[in-house]
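For reference, coords_7.pdb is printed below; it contains PDB, C-alpha atoms and all ligand atoms.
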```pdb
MODEL        1
ATOM      1  CA  MET A  30     -92.167 264.321 -49.569
ATOM      2  CA  THR A  31     -94.906 266.240 -51.383
ATOM      3  CA  ARG A  32     -96.047 264.443 -54.529
ATOM      4  CA  HIS A  33     -96.322 267.184 -57.117
ATOM      5  CA  ALA A  34     -97.351 266.768 -60.754
ATOM      6  CA  ILE A  35     -97.290 269.231 -63.622
ATOM      7  CA  TYR A  36    -100.072 268.904 -66.210
ATOM      8  CA  PRO A  37     -98.822 270.921 -69.184
ATOM      9  CA  GLY A  38    -100.665 271.870 -72.345
ATOM     10  CA  SER A  39    -101.939 274.611 -74.588
ATOM     11  CA  PHE A  40    -105.431 274.635 -73.049
ATOM     12  CA  ASP A  41    -106.676 276.747 -75.975
ATOM     13  CA  PRO A  42    -109.322 276.488 -74.550
ATOM     14  CA  VAL A  43    -109.638 274.150 -71.539
ATOM     15  CA  THR A  44    -112.231 271.410 -72.194
ATOM     16  CA  ASN A  45    -114.078 268.854 -70.091
ATOM     17  CA  GLY A  46    -111.467 266.328 -71.272
ATOM     18  CA  HIS A  47    -108.719 268.343 -69.521
ATOM     19  CA  LEU A  48    -110.966 268.636 -66.482
ATOM     20  CA  ASP A  49    -111.431 264.845 -66.437
ATOM     21  CA  ILE A  50    -107.636 264.343 -66.417
ATOM     22  CA  VAL A  51    -107.164 266.807 -63.517
ATOM     23  CA  ARG A  52    -109.907 265.010 -61.564
ATOM     24  CA  ARG A  53    -108.080 261.707 -62.068
ATOM     25  CA  CYS A  54    -104.759 263.264 -60.927
ATOM     26  CA  ARG A  55    -106.049 264.550 -57.637
ATOM     27  CA  PRO A  56    -106.079 261.321 -55.610
ATOM     28  CA  LEU A  57    -102.634 260.434 -56.952
ATOM     29  CA  PHE A  58    -100.793 263.653 -56.056
ATOM     30  CA  ASP A  59    -100.666 266.148 -53.180
ATOM     31  CA  ARG A  60    -100.369 269.050 -55.630
ATOM     32  CA  VAL A  61    -101.174 269.455 -59.307
ATOM     33  CA  THR A  62     -99.999 272.434 -61.344
ATOM     34  CA  VAL A  63    -101.903 272.970 -64.574
ATOM     35  CA  ALA A  64     -99.329 274.748 -66.724
ATOM     36  CA  VAL A  65    -100.005 276.724 -69.887
ATOM     37  CA  ALA A  66     -97.159 276.262 -72.340
ATOM     38  CA  VAL A  67     -96.229 279.591 -73.930
ATOM     39  CA  ASN A  68     -95.263 278.695 -77.471
ATOM     40  CA  PRO A  69     -94.441 281.655 -79.742
ATOM     41  CA  SER A  70     -94.662 279.449 -82.866
ATOM     42  CA  LYS A  71     -98.351 278.650 -82.211
ATOM     43  CA  HIS A  72    -101.207 281.056 -82.930
ATOM     44  CA  PRO A  73    -103.694 280.423 -80.157
ATOM     45  CA  MET A  74    -107.264 281.721 -80.104
ATOM     46  CA  PHE A  75    -106.892 282.768 -76.449
ATOM     47  CA  SER A  76    -103.973 284.776 -75.043
ATOM     48  CA  VAL A  77    -101.905 283.303 -72.206
ATOM     49  CA  SER A  78    -103.646 285.588 -69.696
ATOM     50  CA  GLU A  79    -107.090 284.574 -71.017
ATOM     51  CA  ARG A  80    -106.125 280.904 -70.678
ATOM     52  CA  LEU A  81    -104.760 281.426 -67.151
ATOM     53  CA  GLN A  82    -107.970 283.188 -66.220
ATOM     54  CA  MET A  83    -110.225 280.424 -67.598
ATOM     55  CA  LEU A  84    -108.124 277.730 -65.892
ATOM     56  CA  SER A  85    -108.200 279.607 -62.564
ATOM     57  CA  GLU A  86    -111.984 279.834 -62.788
ATOM     58  CA  THR A  87    -112.353 276.195 -63.842
ATOM     59  CA  PHE A  88    -110.224 274.914 -60.954
ATOM     60  CA  ALA A  89    -111.220 277.515 -58.340
ATOM     61  CA  GLU A  90    -113.016 274.901 -56.232
ATOM     62  CA  PHE A  91    -110.284 272.287 -56.564
ATOM     63  CA  ASP A  92    -108.001 272.077 -53.529
ATOM     64  CA  HIS A  93    -104.295 271.691 -54.251
ATOM     65  CA  VAL A  94    -104.665 272.512 -57.950
ATOM     66  CA  GLU A  95    -102.645 275.524 -59.085
ATOM     67  CA  VAL A  96    -102.421 277.288 -62.403
ATOM     68  CA  ALA A  97     -99.251 278.699 -63.974
ATOM     69  CA  SER A  98     -97.592 279.365 -67.313
ATOM     70  CA  PHE A  99     -94.115 278.525 -68.512
ATOM     71  CA  SER A 100     -91.912 279.021 -71.527
ATOM     72  CA  GLY A 101     -88.848 277.079 -72.513
ATOM     73  CA  LEU A 102     -88.197 273.539 -71.415
ATOM     74  CA  LEU A 103     -90.983 271.813 -69.496
ATOM     75  CA  VAL A 104     -88.462 269.769 -67.491
ATOM     76  CA  ASN A 105     -86.787 272.973 -66.257
ATOM     77  CA  PHE A 106     -90.150 274.286 -65.125
ATOM     78  CA  ALA A 107     -90.897 270.957 -63.416
ATOM     79  CA  ARG A 108     -87.496 270.955 -61.685
ATOM     80  CA  ASP A 109     -87.902 274.587 -60.543
ATOM     81  CA  ARG A 110     -91.252 273.658 -59.043
ATOM     82  CA  GLN A 111     -89.847 270.491 -57.447
ATOM     83  CA  ALA A 112     -92.334 268.313 -59.292
ATOM     84  CA  GLN A 113     -91.674 264.582 -59.652
ATOM     85  CA  ALA A 114     -94.095 263.901 -62.491
ATOM     86  CA  ILE A 115     -95.475 265.227 -65.749
ATOM     87  CA  VAL A 116     -99.045 264.157 -66.489
ATOM     88  CA  ARG A 117    -100.361 263.839 -70.028
ATOM     89  CA  GLY A 118    -103.718 262.655 -71.305
ATOM     90  CA  LEU A 119    -103.912 259.820 -73.843
ATOM     91  CA  ARG A 120    -107.063 259.783 -75.912
ATOM     92  CA  ALA A 121    -106.300 257.379 -78.702
ATOM     93  CA  VAL A 122    -103.490 255.582 -80.470
ATOM     94  CA  SER A 123    -103.029 258.751 -82.551
ATOM     95  CA  ASP A 124    -101.751 260.591 -79.443
ATOM     96  CA  PHE A 125     -99.293 257.853 -78.611
ATOM     97  CA  GLU A 126     -96.418 258.355 -81.024
ATOM     98  CA  TYR A 127     -95.877 262.039 -80.256
ATOM     99  CA  GLU A 128     -96.406 261.502 -76.531
ATOM    100  CA  LEU A 129     -93.900 258.637 -76.401
ATOM    101  CA  GLN A 130     -91.343 260.781 -78.222
ATOM    102  CA  MET A 131     -91.840 263.688 -75.815
ATOM    103  CA  ALA A 132     -91.781 261.456 -72.730
ATOM    104  CA  LEU A 133     -88.528 259.795 -73.759
ATOM    105  CA  MET A 134     -86.924 263.124 -74.655
ATOM    106  CA  ASN A 135     -87.968 264.561 -71.303
ATOM    107  CA  ARG A 136     -86.553 261.498 -69.556
ATOM    108  CA  ARG A 137     -83.261 262.055 -71.367
ATOM    109  CA  LEU A 138     -83.235 265.696 -70.246
ATOM    110  CA  ALA A 139     -84.343 264.966 -66.675
ATOM    111  CA  GLY A 140     -84.137 261.300 -65.715
ATOM    112  CA  THR A 141     -85.817 261.680 -62.329
ATOM    113  CA  ILE A 142     -89.043 263.197 -63.650
ATOM    114  CA  GLU A 143     -91.534 260.545 -64.751
ATOM    115  CA  THR A 144     -94.224 261.089 -67.373
ATOM    116  CA  ILE A 145     -97.525 259.549 -66.377
ATOM    117  CA  PHE A 146    -100.331 258.970 -68.875
ATOM    118  CA  LEU A 147    -103.944 259.035 -67.849
ATOM    119  CA  MET A 148    -106.898 258.007 -70.012
ATOM    120  CA  PRO A 149    -110.046 260.130 -69.885
ATOM    121  CA  SER A 150    -113.556 258.784 -69.634
ATOM    122  CA  GLU A 151    -114.663 257.390 -73.055
ATOM    123  CA  GLU A 152    -117.031 260.310 -73.602
ATOM    124  CA  TYR A 153    -114.047 262.651 -73.886
ATOM    125  CA  THR A 154    -111.780 260.534 -76.075
ATOM    126  CA  TYR A 155    -112.867 262.369 -79.228
ATOM    127  CA  LEU A 156    -112.632 265.814 -77.647
ATOM    128  CA  SER A 157    -109.871 268.283 -78.488
ATOM    129  CA  SER A 158    -109.490 272.045 -78.135
ATOM    130  CA  SER A 159    -109.262 272.313 -81.953
ATOM    131  CA  ILE A 160    -112.571 270.552 -82.587
ATOM    132  CA  ILE A 161    -114.243 272.680 -79.905
ATOM    133  CA  LYS A 162    -112.968 275.875 -81.564
ATOM    134  CA  GLY A 163    -114.129 274.717 -84.988
ATOM    135  CA  VAL A 164    -117.619 273.807 -83.803
ATOM    136  CA  ALA A 165    -118.033 276.934 -81.632
ATOM    137  CA  LEU A 166    -116.865 279.302 -84.388
ATOM    138  CA  ALA A 167    -119.385 277.718 -86.763
ATOM    139  CA  GLY A 168    -122.160 278.350 -84.235
ATOM    140  CA  GLY A 169    -122.441 274.818 -82.823
ATOM    141  CA  ASP A 170    -123.414 274.078 -79.221
ATOM    142  CA  VAL A 171    -120.408 273.033 -77.115
ATOM    143  CA  SER A 172    -122.024 273.688 -73.733
ATOM    144  CA  SER A 173    -121.729 270.066 -72.552
ATOM    145  CA  LEU A 174    -118.083 269.833 -73.597
ATOM    146  CA  VAL A 175    -116.423 272.819 -71.900
ATOM    147  CA  PRO A 176    -116.672 274.503 -68.479
ATOM    148  CA  PRO A 177    -119.494 277.126 -68.438
ATOM    149  CA  GLY A 178    -117.230 280.214 -68.463
ATOM    150  CA  VAL A 179    -115.370 278.887 -71.494
ATOM    151  CA  GLU A 180    -118.582 278.588 -73.498
ATOM    152  CA  THR A 181    -119.253 282.293 -72.902
ATOM    153  CA  LEU A 182    -115.720 283.224 -74.001
ATOM    154  CA  LEU A 183    -116.038 281.089 -77.150
ATOM    155  CA  LYS A 184    -119.335 282.776 -78.021
ATOM    156  CA  LYS A 185    -117.648 286.183 -77.715
ATOM    157  CA  LYS A 186    -114.871 285.105 -80.105
ATOM    158  CA  ALA A 187    -117.430 283.673 -82.535
ATOM    159  CA  HIS A 188    -119.309 287.000 -82.679
ATOM    160  CA  ARG A 189    -116.233 289.104 -83.387
TER     161      ARG A 189
HETATM  162  P1  LIG A 201    -100.876 270.238 -76.250
HETATM  163  O1  LIG A 201    -100.718 271.358 -77.232
HETATM  164  O2  LIG A 201     -99.772 270.113 -75.259
HETATM  165  O3  LIG A 201    -101.263 268.895 -76.836
HETATM  166  P2  LIG A 201    -103.549 270.347 -75.229
HETATM  167  O4  LIG A 201    -104.175 271.439 -74.449
HETATM  168  O5  LIG A 201    -104.152 270.013 -76.545
HETATM  169  O6  LIG A 201    -102.059 270.749 -75.341
HETATM  170  O7  LIG A 201    -103.493 269.032 -74.347
HETATM  171  C1  LIG A 201    -102.851 269.014 -73.100
HETATM  172  C2  LIG A 201    -102.852 267.585 -72.604
HETATM  173  O8  LIG A 201    -104.191 267.176 -72.383
HETATM  174  C3  LIG A 201    -102.286 266.566 -73.582
HETATM  175  O9  LIG A 201    -101.668 265.538 -72.822
HETATM  176  C4  LIG A 201    -103.500 266.028 -74.284
HETATM  177  O10 LIG A 201    -103.299 264.716 -74.766
HETATM  178  C5  LIG A 201    -104.491 266.037 -73.134
HETATM  179  N1  LIG A 201    -105.855 266.136 -73.606
HETATM  180  C6  LIG A 201    -106.397 267.030 -74.453
HETATM  181  N2  LIG A 201    -107.694 266.786 -74.670
HETATM  182  C7  LIG A 201    -107.983 265.676 -73.930
HETATM  183  C8  LIG A 201    -109.158 264.887 -73.744
HETATM  184  N3  LIG A 201    -110.279 265.143 -74.391
HETATM  185  N4  LIG A 201    -109.073 263.834 -72.928
HETATM  186  C9  LIG A 201    -107.913 263.548 -72.306
HETATM  187  N5  LIG A 201    -106.774 264.210 -72.444
HETATM  188  C10 LIG A 201    -106.810 265.274 -73.256
ENDMDL
END
```
Any chance you could give the structure as structure tokens?
Amino acid sequence: MTRHAIYPGSFDPVTNGHLDIVRRCRPLFDRVTVAVAVNPSKHPMFSVSERLQMLSETFAEFDHVEVASFSGLLVNFARDRQAQAIVRGLRAVSDFEYELQMALMNRRLAGTIETIFLMPSEEYTYLSSSIIKGVALAGGDVSSLVPPGVETLLKKKAHR
């Protein structure tokens, strides 16, 4: 059986924290699908196609890592893709309550799909896409916190 995990998120934009989680997934699974959640109620900085593009570039050298987008229920997407696991990153206690709620709801909807939590390296525990956007828009240097292509895209948005 192929061990396949879905790593869902907004990835608006992808950061080195996300990258750290994907790196940790790779020895555990045969396939990892990084999946952009299309959420019409959110107002992202980057369009779905921009996010797919930046993820494809970020993971271009990673074997067995795919990039996709989905709308609607994550568990339906996971089932359609024959994935056994959903991977989420846990940075701090503040992530826990929402993540526990989501994991238990997903288990109720699809009892055979397990949610697995991975902790990033300490240097990324404070990192979020929102803080990156805030700092980059204000002209701060985020080059050590995001993949190189993402820094360029953020600079373009900041100069608009
Ligand atoms: P969402 O809107 O689903 O929270 P994000 O793109 O913010 O989407 O996050 C996707 C997943 O990656 C979540 O599980 C989140 O906790 C995790 N994540 C985000 N930033 C980091 C980080 N710096 N370190 C580890 N995990 C992270």
Practice prompt. Spell out the residues picked by the PyMOL selection byres (((chain A and resi 155) around 12) and not hetatm) here, as a ChimeraX atom specification.
Written response: /A:44-46,119-124,148-154,156-161,174
Keeping C-alpha atoms for every residue in the selection just given, could you write it to a file as an mmCIF file, keeping the file's coordinate frame?
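Written file, result-v3.cif:
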```
data_model
loop_
_atom_site.group_PDB
_atom_site.id
_atom_site.type_symbol
_atom_site.label_atom_id
_atom_site.label_comp_id
_atom_site.auth_asym_id
_atom_site.auth_seq_id
_atom_site.Cartn_x
_atom_site.Cartn_y
_atom_site.Cartn_z
ATOM 1 C CA THR A 44 -112.231 271.410 -72.194
ATOM 2 C CA ASN A 45 -114.078 268.854 -70.091
ATOM 3 C CA GLY A 46 -111.467 266.328 -71.272
ATOM 4 C CA LEU A 119 -103.912 259.820 -73.843
ATOM 5 C CA ARG A 120 -107.063 259.783 -75.912
ATOM 6 C CA ALA A 121 -106.300 257.379 -78.702
ATOM 7 C CA VAL A 122 -103.490 255.582 -80.470
ATOM 8 C CA SER A 123 -103.029 258.751 -82.551
ATOM 9 C CA ASP A 124 -101.751 260.591 -79.443
ATOM 10 C CA MET A 148 -106.898 258.007 -70.012
ATOM 11 C CA PRO A 149 -110.046 260.130 -69.885
ATOM 12 C CA SER A 150 -113.556 258.784 -69.634
ATOM 13 C CA GLU A 151 -114.663 257.390 -73.055
ATOM 14 C CA GLU A 152 -117.031 260.310 -73.602
ATOM 15 C CA TYR A 153 -114.047 262.651 -73.886
ATOM 16 C CA THR A 154 -111.780 260.534 -76.075
ATOM 17 C CA LEU A 156 -112.632 265.814 -77.647
ATOM 18 C CA SER A 157 -109.871 268.283 -78.488
ATOM 19 C CA SER A 158 -109.490 272.045 -78.135
ATOM 20 C CA SER A 159 -109.262 272.313 -81.953
ATOM 21 C CA ILE A 160 -112.571 270.552 -82.587
ATOM 22 C CA ILE A 161 -114.243 272.680 -79.905
ATOM 23 C CA LEU A 174 -118.083 269.833 -73.597
#
```
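With CA of Leu103 in chain A on one side and CA of Ser78 in chain A on the other, the separation reads 18.7 Å.
For the pair CA of His188 in chain A and CA of Met83 in chain A, the separation is 18.8 Å.
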Worksheet entry | Contacts of Phe75 in chain A within 8 Å, all atoms listed in the file, excl. fewer than 4 positions in-chain, as a list in words | Asp41, Pro42, Glu79 and Arg80 of chain A
Worksheet item: Selected by the PyMOL selection byres (((chain A and resi 104) around 10) and not hetatm) in the shown coordinates: which residues, as a ChimeraX atom specification?
Response: /A:35,101-103,105-110,112-115,134-136,138-142
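The space separating CA of Thr31 in chain A from CA of Asp49 in chain A comes to 22.4 Å.
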Item to complete: Starting from the shown file, work through the PyMOL selection byres (((chain A and resi 81) around 12) and not hetatm) and note down what comes out as a VMD selection string.
Response: chain A and resid 38 to 43 62 to 67 75 to 80 82 to 89 95 to 99 179
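Between ligand LIG 201 (chain A) and the candidates A:Val164, A:Val171, A:Ile50, A:Val94, the tightest atom-to-atom separation, counting all atoms listed in the file, involves A:Ile50.
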Worksheet item: Out of A:Ala187, A:Val116, A:Ala167, A:Ala132, which residue has the shortest atom-to-atom distance to ligand LIG 201 (chain A) when counting all atoms listed in the file?
Response: A:Val116
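Each of A:Val61, A:Leu183, A:Leu48, A:Ala165 was checked against ligand LIG 201 (chain A) using only C-alpha atoms and all ligand atoms; the smallest atom-to-atom distance is that of A:Leu48.
Proximity ranking of A:Gly118, A:His47, A:Pro69, A:Arg32 relative to Val175 in chain A places A:His47 first, based on only C-alpha atoms.
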If the box runs along x, y and z of the file and leaves 3 Å on each side of range 48-65 of chain A, what are its centre and edge lengths in Å, one decimal, as lines of an AutoDock Vina configuration file?
```
center_x = -105.4
center_y = 268.6
center_z = -61.5
size_x = 18.1
size_y = 22.3
size_z = 22.7
```
Worksheet entry | Among the residues A:Gln111, A:Arg137, A:Leu147, A:Met74, the one that comes closest to ligand LIG 201 (chain A) [using only C-alpha atoms and all ligand atoms] | A:Leu147
Item to complete: Pick out the closest residue to Ser100 in chain A from this set: A:Val51, A:Ser70, A:Gly169, A:Asp59. Count only C-alpha atoms.
Response: A:Ser70
Writing N, CA, C and O atoms and nothing else, produce range 120-136 of chain A as a short mmCIF file (atom, residue, chain, number, x, y, z; two decimals), in the first residue's frame.
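Wrote it out as part.cif, contents follow:
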```
data_model
loop_
_atom_site.label_atom_id
_atom_site.label_comp_id
_atom_site.auth_asym_id
_atom_site.auth_seq_id
_atom_site.Cartn_x
_atom_site.Cartn_y
_atom_site.Cartn_z
N ARG A 120 2.76 24.71 15.91
CA ARG A 120 3.84 25.61 16.31
C ARG A 120 3.85 25.83 17.81
O ARG A 120 4.87 25.85 18.44
N ALA A 121 2.68 26.05 18.35
CA ALA A 121 2.60 26.44 19.76
C ALA A 121 1.25 26.00 20.30
O ALA A 121 0.40 25.55 19.55
N VAL A 122 1.08 26.18 21.59
CA VAL A 122 -0.18 25.79 22.23
C VAL A 122 -1.35 26.53 21.55
O VAL A 122 -2.44 25.99 21.41
N SER A 123 -1.07 27.75 21.07
CA SER A 123 -2.14 28.54 20.44
C SER A 123 -2.72 27.84 19.21
O SER A 123 -3.88 28.04 18.86
N ASP A 124 -1.94 27.02 18.52
CA ASP A 124 -2.47 26.28 17.36
C ASP A 124 -3.37 25.13 17.80
O ASP A 124 -4.20 24.65 17.03
N PHE A 125 -3.17 24.67 19.03
CA PHE A 125 -3.70 23.36 19.41
C PHE A 125 -5.22 23.27 19.41
O PHE A 125 -5.79 22.30 18.89
N GLU A 126 -5.88 24.27 19.96
CA GLU A 126 -7.32 24.15 20.16
C GLU A 126 -8.05 24.01 18.82
O GLU A 126 -8.87 23.11 18.63
N TYR A 127 -7.72 24.89 17.89
CA TYR A 127 -8.35 24.83 16.56
C TYR A 127 -8.00 23.53 15.85
O TYR A 127 -8.85 22.87 15.25
N GLU A 128 -6.73 23.14 15.96
CA GLU A 128 -6.28 21.93 15.25
C GLU A 128 -6.95 20.67 15.81
O GLU A 128 -7.31 19.77 15.06
N LEU A 129 -7.13 20.64 17.13
CA LEU A 129 -7.79 19.48 17.75
C LEU A 129 -9.24 19.39 17.27
O LEU A 129 -9.74 18.32 16.89
N GLN A 130 -9.89 20.57 17.23
CA GLN A 130 -11.28 20.63 16.77
C GLN A 130 -11.41 20.11 15.33
O GLN A 130 -12.27 19.28 15.03
N MET A 131 -10.52 20.60 14.47
CA MET A 131 -10.55 20.19 13.06
C MET A 131 -10.27 18.69 12.91
O MET A 131 -10.93 17.98 12.15
N ALA A 132 -9.27 18.22 13.67
CA ALA A 132 -8.87 16.81 13.55
C ALA A 132 -10.02 15.90 13.98
O ALA A 132 -10.30 14.88 13.33
N LEU A 133 -10.69 16.28 15.07
CA LEU A 133 -11.79 15.43 15.55
C LEU A 133 -12.99 15.50 14.63
O LEU A 133 -13.68 14.49 14.40
N MET A 134 -13.23 16.68 14.06
CA MET A 134 -14.33 16.79 13.08
C MET A 134 -14.02 15.95 11.84
O MET A 134 -14.88 15.22 11.34
N ASN A 135 -12.79 16.03 11.39
CA ASN A 135 -12.41 15.23 10.20
C ASN A 135 -12.49 13.74 10.50
O ASN A 135 -12.88 12.96 9.63
N ARG A 136 -12.16 13.36 11.73
CA ARG A 136 -12.27 11.94 12.08
C ARG A 136 -13.73 11.50 12.06
O ARG A 136 -14.07 10.39 11.64
#
```
